[in-house]
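What's in work-v3.txt: compact mmCIF, C-alpha atoms
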```txt
# COMPACT_ATOMS: atom_id res chain seq x y z
CA MET A 27 0.00 0.00 0.00
CA TYR A 28 1.02 3.58 -0.51
CA THR A 29 -0.46 7.00 0.09
CA THR A 30 -0.58 10.11 -2.06
CA GLU A 31 1.82 11.59 0.48
CA GLU A 32 4.37 8.93 -0.34
CA LEU A 33 3.79 9.34 -4.07
CA ALA A 34 4.41 13.08 -3.78
CA ARG A 35 7.85 12.39 -2.29
CA PHE A 36 8.97 10.83 -5.59
CA PRO A 37 10.51 13.67 -7.62
CA LEU A 38 8.66 12.48 -10.74
CA LEU A 39 5.29 13.18 -9.12
CA ALA A 40 6.27 16.09 -6.89
CA ASP A 41 4.36 18.75 -8.87
CA LEU A 42 1.05 16.88 -9.09
CA THR A 43 -2.05 17.89 -7.15
CA GLU A 44 -3.69 15.63 -4.61
CA SER A 45 -6.36 14.53 -7.09
CA GLN A 46 -3.76 13.91 -9.78
CA LEU A 47 -1.75 11.83 -7.34
CA GLU A 48 -4.86 9.81 -6.55
CA ARG A 49 -5.37 9.29 -10.27
CA VAL A 50 -1.80 8.13 -10.85
CA GLY A 51 -1.92 6.07 -7.68
CA SER A 52 -4.96 4.20 -8.99
CA LEU A 53 -2.76 2.88 -11.82
CA GLY A 54 -0.25 1.27 -9.51
CA HIS A 55 0.45 -1.45 -7.03
CA THR A 56 3.44 -2.45 -4.96
CA VAL A 57 5.82 -5.11 -6.19
CA THR A 58 9.03 -6.73 -5.00
CA PHE A 59 11.85 -8.20 -7.03
CA ALA A 60 14.54 -10.58 -5.84
CA THR A 61 18.21 -9.99 -6.55
CA GLY A 62 18.98 -10.96 -10.11
CA HIS A 63 15.44 -10.50 -11.39
CA ARG A 64 15.32 -8.90 -14.86
CA ILE A 65 12.59 -6.30 -14.50
CA ILE A 66 12.80 -4.92 -18.02
CA GLU A 67 14.42 -6.27 -21.14
CA GLU A 68 15.88 -4.34 -24.07
CA GLY A 69 13.53 -4.36 -27.06
CA ARG A 70 10.43 -5.51 -25.15
CA PRO A 71 7.30 -3.32 -25.00
CA ALA A 72 7.61 -0.53 -22.45
CA ASP A 73 4.21 -0.65 -20.84
CA ARG A 74 5.06 -0.04 -17.18
CA CYS A 75 7.32 2.04 -15.01
CA TRP A 76 8.42 1.70 -11.41
CA LEU A 77 8.92 4.13 -8.58
CA ILE A 78 11.73 2.57 -6.56
CA ARG A 79 11.07 2.51 -2.82
CA SER A 80 14.15 0.52 -1.82
CA GLY A 81 16.91 -1.53 -3.38
CA ARG A 82 19.00 -1.03 -6.47
CA VAL A 83 18.45 -1.66 -10.17
CA ALA A 84 21.26 -1.87 -12.73
CA LEU A 85 20.60 -0.62 -16.24
CA GLN A 86 22.48 -2.96 -18.50
CA THR A 87 23.02 -3.76 -22.11
CA PRO A 88 23.62 -7.38 -23.03
CA LEU A 89 26.95 -8.50 -24.45
CA PRO A 90 27.91 -11.74 -26.15
CA ASN A 91 28.42 -14.87 -24.02
CA ASN A 92 25.74 -13.96 -21.50
CA ALA A 93 27.72 -10.98 -20.25
CA ALA A 94 26.24 -7.57 -19.64
CA SER A 95 27.60 -4.08 -19.20
CA THR A 96 26.11 -1.90 -16.49
CA VAL A 97 25.77 1.70 -17.59
CA GLN A 98 24.07 3.11 -14.51
CA THR A 99 22.30 2.07 -11.33
CA LEU A 100 19.07 3.45 -9.92
CA GLY A 101 18.01 3.60 -6.29
CA PRO A 102 15.30 4.76 -3.89
CA GLY A 103 13.32 7.72 -5.21
CA ASP A 104 14.27 7.05 -8.83
CA VAL A 105 11.90 6.12 -11.61
CA LEU A 106 12.77 3.00 -13.56
CA GLY A 107 11.60 3.22 -17.15
CA TRP A 108 10.73 6.18 -19.33
CA SER A 109 10.59 4.53 -22.77
CA TRP A 110 6.82 4.25 -22.31
CA LEU A 111 6.55 7.97 -23.03
CA LEU A 112 8.21 7.96 -26.45
CA ALA A 113 7.61 5.89 -29.56
CA PRO A 114 8.36 3.11 -30.32
CA TYR A 115 7.59 2.36 -26.62
CA ARG A 116 10.24 -0.30 -26.23
CA TRP A 117 12.89 -0.63 -23.52
CA ARG A 118 16.34 0.55 -24.52
CA PHE A 119 18.16 -1.28 -21.74
CA ASP A 120 17.76 -4.21 -19.43
CA GLY A 121 16.92 -3.40 -15.82
CA VAL A 122 18.16 -5.98 -13.31
CA ALA A 123 17.69 -5.93 -9.54
CA THR A 124 21.16 -6.08 -7.97
CA GLU A 125 19.65 -6.24 -4.51
CA PRO A 126 16.07 -6.87 -3.32
CA VAL A 127 13.82 -4.17 -4.75
CA GLU A 128 10.51 -2.84 -3.55
CA ALA A 129 8.71 -0.52 -5.94
CA ILE A 130 5.40 0.91 -7.01
CA GLU A 131 4.59 -0.43 -10.45
CA ILE A 132 2.53 1.93 -12.62
CA ASP A 133 0.53 1.01 -15.70
CA ALA A 134 2.41 3.29 -18.08
CA VAL A 135 0.05 2.80 -21.03
CA GLN A 136 -2.77 4.23 -18.94
CA LEU A 137 -0.50 6.91 -17.56
CA ARG A 138 0.43 7.95 -21.10
CA GLU A 139 -3.28 8.09 -21.97
CA PHE A 140 -3.96 10.33 -18.98
CA ALA A 141 -1.00 12.54 -19.79
CA THR A 142 -1.93 12.82 -23.47
CA HIS A 143 -5.50 13.89 -22.77
CA ASP A 144 -4.92 16.05 -19.73
CA CYS A 145 -2.07 18.51 -20.20
CA ARG A 146 -2.44 19.72 -16.58
CA LEU A 147 -1.26 16.25 -15.62
CA GLY A 148 0.92 15.56 -18.65
CA TYR A 149 2.98 18.74 -18.66
CA PRO A 150 4.29 18.64 -15.06
CA LEU A 151 4.85 14.91 -15.42
CA ALA A 152 6.81 15.38 -18.66
CA MET A 153 8.81 18.24 -17.18
CA ARG A 154 9.75 16.21 -14.11
CA LEU A 155 10.72 13.29 -16.32
CA LEU A 156 12.78 15.66 -18.45
CA GLU A 157 14.50 16.91 -15.28
CA ALA A 158 15.32 13.34 -14.26
CA LEU A 159 16.68 12.60 -17.73
CA ALA A 160 18.71 15.82 -17.74
CA ASP A 161 20.24 14.84 -14.39
CA ARG A 162 21.10 11.39 -15.71
CA LEU A 163 22.60 12.88 -18.87
CA HIS A 164 24.62 15.30 -16.74
CA GLY A 165 25.91 12.46 -14.58
CA THR A 166 26.79 10.46 -17.67
CA ARG A 167 28.65 13.39 -19.20
CA ALA A 168 30.52 13.92 -15.95
CA ARG A 169 31.67 10.31 -16.12
CA LEU A 170 32.71 10.75 -19.76
CA ILE A 171 35.10 13.50 -18.74
CA ASP A 172 37.01 10.86 -16.75
CA MET A 173 37.86 13.53 -14.24
CA TYR A 174 39.36 11.10 -11.72
CA GLY A 175 41.88 9.96 -14.32
CA SER A 176 45.54 10.77 -13.85
CA PRO A 177 46.51 14.34 -14.76
CA ARG A 178 50.00 13.10 -15.67
CA ALA A 179 50.80 14.34 -19.15
CA SER A 180 52.87 11.39 -20.28
CA MET B 10 56.24 26.47 17.53
CA LEU B 11 59.15 25.99 15.18
CA ALA B 12 61.37 28.97 14.53
CA ASP B 13 61.41 29.06 10.75
CA PRO B 14 58.29 28.04 8.81
CA MET B 15 60.38 27.65 5.65
CA LEU B 16 62.72 25.11 7.21
CA PRO B 17 61.74 21.47 6.54
CA VAL B 18 61.72 19.18 9.55
CA PRO B 19 63.07 15.66 8.96
CA TYR B 20 60.57 12.81 9.10
CA SER B 21 61.24 9.21 8.24
CA VAL B 22 58.93 6.92 6.32
CA ALA B 23 57.77 4.32 8.84
CA ARG B 24 55.29 2.54 6.60
CA ARG B 25 54.16 2.65 2.99
CA HIS B 26 50.84 1.27 1.85
CA VAL B 27 49.99 1.01 -1.82
CA GLU B 28 46.43 2.27 -2.30
CA THR B 29 45.95 2.12 -6.07
CA ALA B 30 48.04 1.83 -9.21
CA ASP B 31 49.27 5.40 -8.77
CA SER B 32 48.66 6.28 -5.10
CA ALA B 33 50.34 5.30 -1.86
CA THR B 34 49.90 6.30 1.77
CA LEU B 35 52.98 7.08 3.84
CA LEU B 36 53.16 7.01 7.61
CA LEU B 37 55.78 9.55 8.65
CA GLU B 38 57.49 9.71 12.03
CA PRO B 39 59.51 12.67 13.24
CA VAL B 40 63.22 12.01 13.35
CA ALA B 41 63.54 14.42 16.29
CA GLU B 42 61.16 17.32 16.79
CA ALA B 43 57.56 16.89 15.61
CA LEU B 44 55.54 19.52 13.80
CA PRO B 45 52.53 21.05 15.58
CA ALA B 46 49.22 19.16 15.60
CA PHE B 47 47.11 19.66 12.49
CA GLU B 48 43.43 20.22 11.78
CA PRO B 49 41.57 18.00 9.28
CA GLY B 50 41.92 19.63 5.87
CA GLN B 51 45.32 21.17 6.44
CA PHE B 52 48.30 20.21 4.32
CA THR B 53 52.06 19.97 4.56
CA MET B 54 54.84 20.76 2.12
CA LEU B 55 56.63 17.45 1.59
CA CYS B 56 60.16 17.54 0.31
CA VAL B 57 62.34 14.85 -1.22
CA PRO B 58 65.92 16.09 -0.83
CA GLY B 59 67.45 16.79 -4.19
CA VAL B 60 64.17 16.37 -6.05
CA GLY B 61 61.75 19.03 -4.87
CA GLU B 62 58.79 19.94 -2.67
CA VAL B 63 55.03 19.71 -3.15
CA ALA B 64 51.89 20.32 -1.12
CA ILE B 65 50.23 17.13 0.11
CA SER B 66 47.10 16.94 2.22
CA ILE B 67 47.12 15.06 5.49
CA SER B 68 45.00 11.91 5.32
CA GLY B 69 45.30 10.40 8.79
CA ALA B 70 44.07 10.95 12.31
CA ASN B 71 45.43 13.71 14.49
CA GLY B 72 47.09 13.54 17.87
CA THR B 73 49.61 10.78 17.38
CA GLY B 74 52.68 12.85 16.53
CA THR B 75 52.96 11.02 13.25
CA LEU B 76 51.72 12.18 9.87
CA THR B 77 49.74 10.11 7.40
CA GLN B 78 49.91 11.46 3.86
CA THR B 79 48.52 9.99 0.69
CA VAL B 80 50.45 10.77 -2.48
CA ARG B 81 49.39 10.35 -6.06
CA ASP B 82 52.17 9.93 -8.60
CA VAL B 83 51.51 12.72 -11.09
CA GLY B 84 54.96 14.28 -11.57
CA ALA B 85 58.65 14.07 -10.68
CA VAL B 86 58.35 15.10 -7.02
CA SER B 87 55.13 13.25 -6.28
CA ARG B 88 56.60 10.15 -7.93
CA ALA B 89 59.66 10.35 -5.65
CA LEU B 90 57.33 10.71 -2.65
CA HIS B 91 55.04 7.95 -3.85
CA ASP B 92 58.03 5.64 -4.27
CA ALA B 93 59.65 6.50 -0.92
CA GLU B 94 60.33 3.29 0.96
CA PRO B 95 60.35 2.78 4.75
CA GLY B 96 63.52 4.25 6.20
CA ALA B 97 63.73 7.11 3.72
CA THR B 98 63.97 10.60 5.17
CA LEU B 99 61.73 13.38 3.88
CA GLY B 100 61.49 17.04 4.78
CA VAL B 101 58.16 18.32 6.06
CA ARG B 102 56.88 21.86 6.59
CA GLY B 103 53.53 22.75 8.03
CA PRO B 104 50.80 22.09 8.81
CA TYR B 105 49.42 24.92 6.72
CA GLY B 106 46.13 26.39 5.64
CA VAL B 107 42.55 26.53 6.80
CA GLY B 108 41.00 23.16 7.56
CA TRP B 109 37.48 21.83 7.19
CA GLY B 110 36.19 23.36 10.42
CA VAL B 111 34.57 20.14 11.56
CA ALA B 112 33.39 21.82 14.76
CA SER B 113 31.13 24.08 12.67
CA ALA B 114 29.00 21.00 11.96
CA ILE B 115 28.42 20.06 15.61
CA GLY B 116 24.72 19.44 16.15
CA ARG B 117 24.08 19.26 12.42
CA ASP B 118 23.72 16.53 9.80
CA VAL B 119 26.88 16.01 7.77
CA VAL B 120 27.24 14.99 4.13
CA VAL B 121 30.75 14.18 2.92
CA VAL B 122 31.30 13.81 -0.82
CA ALA B 123 34.68 12.66 -2.11
CA GLY B 124 35.84 11.94 -5.63
CA GLY B 125 39.03 10.06 -6.53
CA VAL B 126 41.99 11.13 -4.41
CA GLY B 127 39.70 13.77 -2.87
CA LEU B 128 38.98 11.19 -0.20
CA ALA B 129 42.48 11.68 1.23
CA PRO B 130 41.90 15.11 2.83
CA LEU B 131 38.37 14.08 3.85
CA ARG B 132 39.45 10.94 5.68
CA PRO B 133 40.49 12.95 8.78
CA VAL B 134 37.00 14.50 8.72
CA VAL B 135 35.30 11.12 8.78
CA LEU B 136 37.65 9.93 11.52
CA ALA B 137 36.96 13.07 13.56
CA LEU B 138 33.20 12.71 13.09
CA LEU B 139 33.26 9.05 14.13
CA ALA B 140 35.48 9.83 17.12
CA ASP B 141 32.85 12.26 18.39
CA ARG B 142 29.81 10.61 16.82
CA ALA B 143 27.29 11.77 19.43
CA SER B 144 27.98 15.43 18.64
CA PHE B 145 26.67 15.18 15.10
CA GLY B 146 23.36 14.25 13.53
CA ARG B 147 22.99 12.05 10.51
CA MET B 148 26.24 11.23 8.73
CA VAL B 149 26.47 10.39 5.02
CA LEU B 150 29.62 9.57 3.06
CA ILE B 151 29.51 9.38 -0.73
CA VAL B 152 32.69 8.32 -2.48
CA GLY B 153 33.21 8.16 -6.22
CA ALA B 154 36.02 6.49 -8.11
CA ARG B 155 36.83 5.77 -11.71
CA ASN B 156 36.52 2.03 -11.09
CA PRO B 157 36.46 -0.28 -8.05
CA GLU B 158 40.26 -0.63 -8.09
CA GLU B 159 40.74 3.09 -7.60
CA PHE B 160 39.10 3.62 -4.23
CA LEU B 161 41.57 4.82 -1.63
CA PHE B 162 41.53 3.21 1.84
CA ARG B 163 39.49 0.27 0.51
CA GLU B 164 39.60 -1.85 3.66
CA GLN B 165 38.56 1.06 5.82
CA LEU B 166 35.79 2.02 3.40
CA LEU B 167 34.43 -1.52 3.62
CA GLY B 168 34.56 -1.25 7.40
CA TRP B 169 32.68 2.03 7.30
CA THR B 170 29.93 0.45 5.20
CA GLN B 171 29.25 -1.81 8.22
CA HIS B 172 29.00 1.16 10.57
CA SER B 173 25.39 1.38 11.74
CA ASP B 174 25.25 5.16 12.07
CA LEU B 175 27.29 6.11 9.00
CA GLU B 176 25.53 5.91 5.64
CA VAL B 177 28.10 5.06 2.97
CA GLU B 178 27.60 5.00 -0.77
CA LEU B 179 30.51 3.95 -2.98
CA THR B 180 29.88 4.60 -6.65
CA VAL B 181 32.04 4.03 -9.72
CA ASP B 182 32.17 5.58 -13.16
CA VAL B 183 32.98 2.28 -14.83
CA PRO B 184 32.13 -1.03 -13.17
CA ALA B 185 34.35 -4.10 -13.09
CA PRO B 186 32.77 -7.50 -13.73
CA GLU B 187 32.60 -8.37 -10.02
CA TRP B 188 31.22 -4.98 -8.96
CA VAL B 189 27.58 -5.10 -7.81
CA GLY B 190 27.49 -1.68 -6.19
CA PRO B 191 26.25 1.63 -7.58
CA VAL B 192 27.36 2.85 -11.01
CA GLY B 193 27.07 6.57 -11.58
CA PHE B 194 28.60 9.91 -10.80
CA VAL B 195 28.63 11.09 -7.16
CA THR B 196 25.90 13.61 -7.96
CA GLU B 197 23.43 10.76 -8.50
CA PRO B 198 23.41 9.25 -4.99
CA LEU B 199 23.72 12.80 -3.68
CA ALA B 200 20.55 13.81 -5.57
CA ARG B 201 18.72 10.81 -4.08
CA LEU B 202 19.43 11.88 -0.51
CA ASP B 203 16.44 13.10 1.43
CA ILE B 204 18.08 15.72 3.64
CA ASP B 205 16.99 18.59 5.83
CA PRO B 206 18.78 21.48 4.09
CA THR B 207 18.45 23.75 7.11
CA ARG B 208 20.57 21.48 9.29
CA THR B 209 23.01 20.01 6.77
CA THR B 210 26.71 20.81 6.43
CA ALA B 211 28.52 19.38 3.42
CA PHE B 212 32.23 18.76 2.90
CA LEU B 213 33.27 18.24 -0.75
CA CYS B 214 36.64 17.30 -2.19
CA GLY B 215 37.66 16.08 -5.59
CA PRO B 216 38.23 17.49 -9.07
CA GLU B 217 36.83 21.00 -9.34
CA PRO B 218 33.99 20.08 -11.75
CA MET B 219 32.96 17.34 -9.33
CA MET B 220 32.76 19.85 -6.49
CA ARG B 221 30.82 22.34 -8.62
CA PHE B 222 28.36 19.70 -9.77
CA SER B 223 27.91 18.36 -6.24
CA ALA B 224 27.49 21.84 -4.80
CA ASP B 225 24.83 22.55 -7.44
CA VAL B 226 22.86 19.50 -6.31
CA LEU B 227 23.08 20.63 -2.68
CA LEU B 228 22.10 24.21 -3.54
CA ARG B 229 19.06 22.88 -5.44
CA LYS B 230 18.12 20.96 -2.33
CA GLY B 231 18.22 24.21 -0.37
CA VAL B 232 21.53 23.86 1.48
CA ALA B 233 23.02 27.33 1.98
CA ALA B 234 26.34 27.98 0.21
CA GLU B 235 27.99 28.91 3.51
CA HIS B 236 27.24 25.41 4.79
CA ILE B 237 28.99 23.80 1.82
CA ARG B 238 32.76 23.55 2.20
CA VAL B 239 35.13 22.70 -0.62
CA SER B 240 38.87 22.13 -0.72
CA LEU B 241 40.61 24.08 -3.46
CA GLU B 242 43.82 23.12 -5.14
CA ARG B 243 46.29 25.49 -6.74
CA ASN B 244 50.02 25.35 -7.28
CA MET B 245 51.37 25.99 -3.80
CA LYS B 246 54.99 26.89 -3.31
CA CYS B 247 55.78 28.65 -0.05
CA GLY B 248 52.72 27.41 1.87
CA VAL B 249 52.56 30.52 4.03
CA GLY B 250 51.08 33.23 1.79
CA LEU B 251 54.32 34.88 0.70
CA CYS B 252 55.02 33.87 -2.89
CA GLY B 253 51.60 34.21 -4.55
CA HIS B 254 51.88 31.06 -6.66
CA CYS B 255 48.53 29.77 -5.41
CA GLN B 256 46.59 33.00 -5.89
CA LEU B 257 42.93 32.53 -6.76
CA GLY B 258 41.37 35.95 -7.16
CA PRO B 259 41.63 37.61 -3.75
CA LEU B 260 42.64 34.36 -2.06
CA LEU B 261 46.01 32.83 -1.46
CA VAL B 262 44.86 29.25 -1.31
CA CYS B 263 47.71 28.10 0.94
CA ARG B 264 46.84 30.72 3.55
CA ASP B 265 43.10 31.45 3.06
CA GLY B 266 42.26 27.87 2.04
CA PRO B 267 42.51 25.19 0.94
CA VAL B 268 39.08 24.81 2.54
CA VAL B 269 36.64 27.62 1.88
CA THR B 270 32.89 27.90 1.98
CA TYR B 271 31.08 27.71 -1.33
CA ASP B 272 29.74 31.26 -1.16
CA VAL B 273 33.41 32.30 -1.39
CA ALA B 274 34.47 29.62 -3.87
CA ALA B 275 31.58 29.70 -6.36
CA PRO B 276 32.21 33.14 -7.90
CA LEU B 277 35.94 32.39 -8.18
CA LEU B 278 35.42 28.99 -9.77
CA ALA B 279 33.12 30.62 -12.32
CA ILE B 280 35.95 32.80 -13.68
CA ARG B 281 37.63 31.13 -16.64
CA GLY B 282 41.37 30.94 -16.42
CA LEU B 283 41.67 31.50 -12.68
```
Encoding of this model in structure tokens:
Amino acid sequence: MYTTEELARFPLLADLTESQLERVGSLGHTVTFATGHRIIEEGRPADRCWLIRSGRVALQTPLPNNAASTVQTLGPGDVLGWSWLLAPYRWRFDGVATEPVEAIEIDAVQLREFATHDCRLGYPLAMRLLEALADRLHGTRARLIDMYGSPRAS
Amino acid sequence: MLADPMLPVPYSVARRHVETADSATLLLEPVAEALPAFEPGQFTMLCVPGVGEVAISISGANGTGTLTQTVRDVGAVSRALHDAEPGATLGVRGPYGVGWGVASAIGRDVVVVAGGVGLAPLRPVVLALLADRASFGRMVLIVGARNPEEFLFREQLLGWTQHSDLEVELTVDVPAPEWVGPVGFVTEPLARLDIDPTRTTAFLCGPEPMMRFSADVLLRKGVAAEHIRVSLERNMKCGVGLCGHCQLGPLLVCRDGPVVTYDVAAPLLAIRGL
């Protein structure tokens, strides 16, 4: 179970009104995933998203020989999955629980419907998602700089 | 107090511990007279006779008469220091500069964010906080490294992760196959923190962009710039505010820093070329 108060603490939903939170909350239910569970899979339909309450999820891309490369991890407060908002609505990465995860699973197809037909819900939701994506892009760029690398010239 | 602040005092290397592929921690013991006690965040000028002298932050606990200093091999002098074996004699001046001001955080929550070798000058902060744990509120330590092999003080970090009243998040830019911990820049776990900005003091050390990015996250959370402390690094020479090599705008980093509050640092770090 979860309350609108708890939902509002997730940055993604922080700008929604009480009634909007109730509406979004009606699309969800709590779920748990064991360590190692593949929550999403690259290329599969993106029809849900998760608000992570606890635990950690690794975003991975599969490599040959059953290997995988982790590009980022998500934790409490993060949203797992945003490919449901943009065509072709398919996951771009795998999402694997690297420790037990508890989350609120949202029916993202319905959420997209709500957001498409009600811009007072859709706009703040899209802006918050954009903010989350901008933060992730910023973090990724910071890693690309390799700023902890040795400053030695030769 | 020693008579001449420019005169190195001989210390011998008592122990050398290899931290990473390019960093080592030296335990230094005074050959005769010891330097004055230091504050977390202060630095010394370490000298290898015949090679040269560089500023190195102090990375160990205070009050033992010894000095613990972690050196990254990035040039001729730091390589000679990094390679110094037990028994070698080094010259030491200091301690110099303004420290972290740990006492300013008494009664408050503390967030420590370290990137790469930036953990070295913050280690004395964590040790001081843990030594007086009851005087502080919530304690969070976020440490970032390029990969799992490049964390300094790995055994101690693992020990700290078991500490019940110290929240530790170790995150890497690039994971190794056996790594199951967080992958991401330090700003990501920092952004996830649910903190009370009115009672939080933050200590940041690492590459300058890392400190700017981390400070931005904290400012967005509502932490006041004067409660965010950063450790600046410039080319220090004399260590006592005489030569001007480490000038950063109106500051001489060796004398007015290296630790300054972010309301002081932010406008200076925004000036290109400084």
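Across the structure, atom CA of B:Val121 and atom CA of B:Val152 are spaced 8.2 Å apart.
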Quick check, in Å to one decimal: how far apart do atom CA of B:Leu241 and atom CA of B:Pro133 lie?
16.5 Å
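With all atoms listed in the file as the basis for measurement, A:Glu157 is the residue among A:Glu139, A:Asp73, A:Glu157, A:Glu131 that approaches chain B most closely.
Contacts from chain B to chain A at a cut-off of 6 Å (only C-alpha atoms) map to B:Val83, B:Gly125, B:Arg155, B:Asp182, B:Pro191, B:Val192, B:Gly193, B:Phe194.
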Those residues with C-alpha atoms, as a PDB file, in the coordinates of the input please?
```pdb
ATOM      1  CA  VAL B  83      51.510  12.720 -11.090  1.00  0.00           C
ATOM      2  CA  GLY B 125      39.030  10.060  -6.530  1.00  0.00           C
ATOM      3  CA  ARG B 155      36.830   5.770 -11.710  1.00  0.00           C
ATOM      4  CA  ASP B 182      32.170   5.580 -13.160  1.00  0.00           C
ATOM      5  CA  PRO B 191      26.250   1.630  -7.580  1.00  0.00           C
ATOM      6  CA  VAL B 192      27.360   2.850 -11.010  1.00  0.00           C
ATOM      7  CA  GLY B 193      27.070   6.570 -11.580  1.00  0.00           C
ATOM      8  CA  PHE B 194      28.600   9.910 -10.800  1.00  0.00           C
TER       9      PHE B 194
END
```
Find the residues near A:Trp76: any atom within 10 Å, counting all atoms listed in the file, skip ones fewer than 2 places away on the same chain, and give them as an mmCIF file with C-alpha atoms, in the frame of the given file.
```
data_model
loop_
_atom_site.group_PDB
_atom_site.id
_atom_site.type_symbol
_atom_site.label_atom_id
_atom_site.label_comp_id
_atom_site.auth_asym_id
_atom_site.auth_seq_id
_atom_site.Cartn_x
_atom_site.Cartn_y
_atom_site.Cartn_z
ATOM 1 C CA GLY A 54 -0.250 1.270 -9.510
ATOM 2 C CA HIS A 55 0.450 -1.450 -7.030
ATOM 3 C CA THR A 56 3.440 -2.450 -4.960
ATOM 4 C CA VAL A 57 5.820 -5.110 -6.190
ATOM 5 C CA ILE A 65 12.590 -6.300 -14.500
ATOM 6 C CA ARG A 74 5.060 -0.040 -17.180
ATOM 7 C CA ILE A 78 11.730 2.570 -6.560
ATOM 8 C CA ARG A 79 11.070 2.510 -2.820
ATOM 9 C CA GLY A 103 13.320 7.720 -5.210
ATOM 10 C CA ASP A 104 14.270 7.050 -8.830
ATOM 11 C CA VAL A 105 11.900 6.120 -11.610
ATOM 12 C CA LEU A 106 12.770 3.000 -13.560
ATOM 13 C CA GLY A 107 11.600 3.220 -17.150
ATOM 14 C CA TRP A 108 10.730 6.180 -19.330
ATOM 15 C CA GLU A 128 10.510 -2.840 -3.550
ATOM 16 C CA ALA A 129 8.710 -0.520 -5.940
ATOM 17 C CA ILE A 130 5.400 0.910 -7.010
ATOM 18 C CA GLU A 131 4.590 -0.430 -10.450
ATOM 19 C CA ILE A 132 2.530 1.930 -12.620
ATOM 20 C CA ASP A 133 0.530 1.010 -15.700
ATOM 21 C CA ALA A 134 2.410 3.290 -18.080
#
```
Could you tell me, as a PyMOL selection string, which residues have any atom at most 10 Å from (15.2, -10.9, -10.1), counting only C-alpha atoms?
chain A and resi 58-65+83+121-127
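Atom to atom, atom CA of B:Gly108 and atom CA of B:Ser240 stand 8.6 Å apart.
Close contacts of B:Asp92, defined as residues with an atom at most 9 Å away when counting all atoms listed in the file, with chain neighbours fewer than 2 positions off set aside, comprise Arg25, Ala33, Asp82, Ser87, Arg88, Ala89, Leu90 and Glu94 of chain B.
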Need to verify the contact set: B:Pro206, 7 Å, all atoms listed in the file, exclusion of same-chain residues closer than 4 positions in sequence. Can you return it as number ranges by chain?
B: 230-232
Nearest to A:Pro114: which of A:Pro90, A:Ala72, A:Arg146, A:Met153 is it, counting only C-alpha atoms?
A:Ala72
Between B:Leu131, B:Leu175, B:Val57, B:Ala143, single out the one closest to B:Ala85, counting only C-alpha atoms.
B:Val57
Report as an MDAnalysis selection string all protein, DNA and RNA residues lying within 8 Å of B:Glu159, evaluated on only C-alpha atoms, omitting residues in the same chain fewer than 5 positions from it.
chainID B and resid 28:30 125 154
The selected residues should be written to file as a PDB file, keeping the file's coordinate frame (atoms: C-alpha atoms).
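File out.pdb, as written:
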```pdb
ATOM      1  CA  GLU B  28      46.430   2.270  -2.300  1.00  0.00           C
ATOM      2  CA  THR B  29      45.950   2.120  -6.070  1.00  0.00           C
ATOM      3  CA  ALA B  30      48.040   1.830  -9.210  1.00  0.00           C
ATOM      4  CA  GLY B 125      39.030  10.060  -6.530  1.00  0.00           C
ATOM      5  CA  ALA B 154      36.020   6.490  -8.110  1.00  0.00           C
TER       6      ALA B 154
END
```
Need the shell around stretch 222-229 of chain B: protein/DNA/RNA residues with any atom at most 7 Å away, counting only C-alpha atoms. Skip same-chain ones fewer than 4 positions apart. Format as a ChimeraX atom specification?
/B:196,200,218,233-234
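Compared by their closest atoms to B:Gly106, and using all atoms listed in the file, the residues B:Met219, B:Val119, B:Met54, B:Ala275 rank with B:Met54 nearest.
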Which one of A:Leu112, A:Leu147, A:Leu155, A:Leu163 sits closest to A:Ser45 if you count only C-alpha atoms?
A:Leu147
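Distance check against B:Pro184 using only C-alpha atoms: of A:Glu68, A:Glu31, A:Leu77, A:Gln86, the minimum falls on A:Gln86.
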Could you give me the centre and size, in Å to one decimal, of an axis-aligned box around all listed atoms of stretch 88-98 of chain B with 5 Å added on every side, as JSON?
```
{"center_x": 59.5, "center_y": 6.7, "center_z": -0.9, "size_x": 18.9, "size_y": 17.9, "size_z": 24.1}
```
